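K.L.:
Can you read through this structure? Questions will come right after.
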Amino acid sequence: MMKRRFALVFVLIPLIAAIIAYSTKSEKGDYIIEKGINGNNIATITVVHHLSEKEAKAKSLSYFLNNEDKDDVMVYHVNDIALYNDLNVGERVTVRTMGYIMQSYPPQAVADEIIRHDQDGNQ
């Protein structure tokens, strides 16, 4: 009887640890760090690529602009004002561009399509 309990505990501990590790795993992605209207009255979102949701919520734009991954910062012009107004800072997105990138710092591009992730279980 004691061996059976020991075996059960020996199997359950790694299983519980695996479930916890999987549930706390943070998917890397592209997150909106800032929204704004630039000097030319164009709606923009600033997106940082390749980070976790935890990093997106905990770190500021200035952190990303001043660290070794500063090339992961991109400003996108958003022509769809209704979509722009609905987007949230901290939201994970995938942005497809119209094919060119402006040589500014951070680089800028016009968003052709914005795919939203984790919106009510979509994407």
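Every chain in the structure tokens takes a letter, A first, then B, and so on in the order presented; its residues are numbered from 1, and the ligands are numbered from 1 following the presented order.
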Can you check which residues of region 18-83 of chain A DSSP gives as helix (DSSP H, G or I) on the backbone and send them as a list in words?
P.N.:
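Matching residues for helix (DSSP H, G or I) in region 18-83 of chain A are Ala18, Ile19, Ile20, Ala21, Tyr22, Ser23, Glu53, Lys54, Glu55, Ala56, Lys57, Ala58, Leu61, Ser62, Tyr63, Phe64, Leu65, Lys70, Asp71, Asp72, Ile81, Ala82 and Leu83 of chain A.
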K.L.:
Set the distance at 8 Å and use only C-alpha atoms: which residues neighbour region 36-42 of chain A once local chain neighbours fewer than 6 positions away are removed? I'd like the list as an MDAnalysis selection string.
P.N.:
chainID A and resid 77:79
K.L.:
Could you give me, as a list in words, the residues within 12 Å of Arg116 (chain A), counting only C-alpha atoms and dropping anything in the same chain fewer than 6 positions from it?
P.N.:
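Neighbouring residues, sequence-local ones excluded: Gly29, Asp30, Tyr31, Ile32, Leu83, Tyr84, Asp86, Leu87, Asn88, Gly90, Glu91, Arg92, Val93, Thr94, Val95, Arg96, Asn122 and Gln123 of chain A.
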K.L.:
Quick one: write out the picked residues with N, CA and C atoms as an mmCIF file, in the first residue's frame?
P.N.:
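Produced file out-v5.cif, reproduced below:
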```cif
data_model
loop_
_atom_site.group_PDB
_atom_site.id
_atom_site.type_symbol
_atom_site.label_atom_id
_atom_site.label_comp_id
_atom_site.auth_asym_id
_atom_site.auth_seq_id
_atom_site.Cartn_x
_atom_site.Cartn_y
_atom_site.Cartn_z
ATOM 1 N N GLY A 29 5.867 37.432 -28.997
ATOM 2 C CA GLY A 29 5.144 38.014 -30.111
ATOM 3 C C GLY A 29 5.474 39.481 -30.266
ATOM 4 N N ASP A 30 4.641 40.175 -31.011
ATOM 5 C CA ASP A 30 4.794 41.602 -31.273
ATOM 6 C C ASP A 30 3.688 42.324 -30.507
ATOM 7 N N TYR A 31 4.080 43.272 -29.667
ATOM 8 C CA TYR A 31 3.127 43.948 -28.786
ATOM 9 C C TYR A 31 3.124 45.452 -29.008
ATOM 10 N N ILE A 32 1.933 46.038 -28.931
ATOM 11 C CA ILE A 32 1.794 47.493 -29.005
ATOM 12 C C ILE A 32 2.285 48.068 -27.679
ATOM 13 N N LEU A 83 -10.181 51.136 -36.350
ATOM 14 C CA LEU A 83 -9.296 50.085 -35.845
ATOM 15 C C LEU A 83 -8.289 50.675 -34.864
ATOM 16 N N TYR A 84 -7.688 51.797 -35.231
ATOM 17 C CA TYR A 84 -6.722 52.453 -34.345
ATOM 18 C C TYR A 84 -7.339 52.718 -32.971
ATOM 19 N N ASP A 86 -9.692 51.179 -31.540
ATOM 20 C CA ASP A 86 -10.018 49.928 -30.861
ATOM 21 C C ASP A 86 -8.778 49.174 -30.358
ATOM 22 N N LEU A 87 -7.615 49.461 -30.927
ATOM 23 C CA LEU A 87 -6.377 48.798 -30.500
ATOM 24 C C LEU A 87 -5.981 49.267 -29.106
ATOM 25 N N ASN A 88 -5.348 48.381 -28.358
ATOM 26 C CA ASN A 88 -4.945 48.697 -26.992
ATOM 27 C C ASN A 88 -3.438 48.539 -26.797
ATOM 28 N N GLY A 90 -0.382 47.138 -25.120
ATOM 29 C CA GLY A 90 -0.215 45.843 -24.487
ATOM 30 C C GLY A 90 -0.827 44.700 -25.281
ATOM 31 N N GLU A 91 -1.489 45.016 -26.390
ATOM 32 C CA GLU A 91 -2.135 44.000 -27.223
ATOM 33 C C GLU A 91 -1.116 43.361 -28.162
ATOM 34 N N ARG A 92 -1.232 42.041 -28.341
ATOM 35 C CA ARG A 92 -0.341 41.326 -29.263
ATOM 36 C C ARG A 92 -0.932 41.390 -30.663
ATOM 37 N N VAL A 93 -0.110 41.796 -31.621
ATOM 38 C CA VAL A 93 -0.549 41.970 -33.000
ATOM 39 C C VAL A 93 0.514 41.449 -33.969
ATOM 40 N N THR A 94 0.091 41.227 -35.183
ATOM 41 C CA THR A 94 1.003 41.002 -36.299
ATOM 42 C C THR A 94 0.652 42.062 -37.325
ATOM 43 N N VAL A 95 1.642 42.822 -37.760
ATOM 44 C CA VAL A 95 1.389 43.912 -38.703
ATOM 45 C C VAL A 95 2.064 43.593 -40.023
ATOM 46 N N ARG A 96 1.277 43.668 -41.078
ATOM 47 C CA ARG A 96 1.826 43.522 -42.433
ATOM 48 C C ARG A 96 1.862 44.920 -43.046
ATOM 49 N N ASN A 122 -9.693 34.602 -30.359
ATOM 50 C CA ASN A 122 -9.436 34.586 -31.794
ATOM 51 C C ASN A 122 -7.948 34.676 -32.076
ATOM 52 N N GLN A 123 -7.551 34.121 -33.228
ATOM 53 C CA GLN A 123 -6.173 34.130 -33.707
ATOM 54 C C GLN A 123 -5.307 33.436 -32.693
#
```
K.L.:
I'd like to know which of A:Val73, A:Leu65, A:Ala58, A:Val48 is closest to Pro107 (chain A), using only C-alpha atoms.
P.N.:
A:Val73
K.L.:
Would you mind telling me which residue in A:Val110, A:Ala43, A:Ile33, A:Val75 lies nearest to Glu55 (chain A) when using only C-alpha atoms?
P.N.:
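Using only C-alpha atoms, Glu55 (chain A) sits closest to A:Ile33.
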K.L.:
Separation of CA of Tyr63 (chain A) and CA of Ile101 (chain A), in Å?
P.N.:
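Answer for the CA of Tyr63 (chain A) to CA of Ile101 (chain A) separation: 22.5 Å.
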K.L.:
Could you tell me, as a PyMOL selection string, which residues of region 20-122 of chain A DSSP assigns to strand (DSSP E) when given the backbone?
P.N.:
chain A and resi 29-37+43-51+73-77+92-97+108-116
K.L.:
Work out how far CA of Ser52 (chain A) is from CA of Glu27 (chain A), in Å to one decimal.
P.N.:
5.8 Å
K.L.:
Quick one, how far is CA of Ile114 (chain A) from CA of Ser62 (chain A)?
P.N.:
23.6 Å
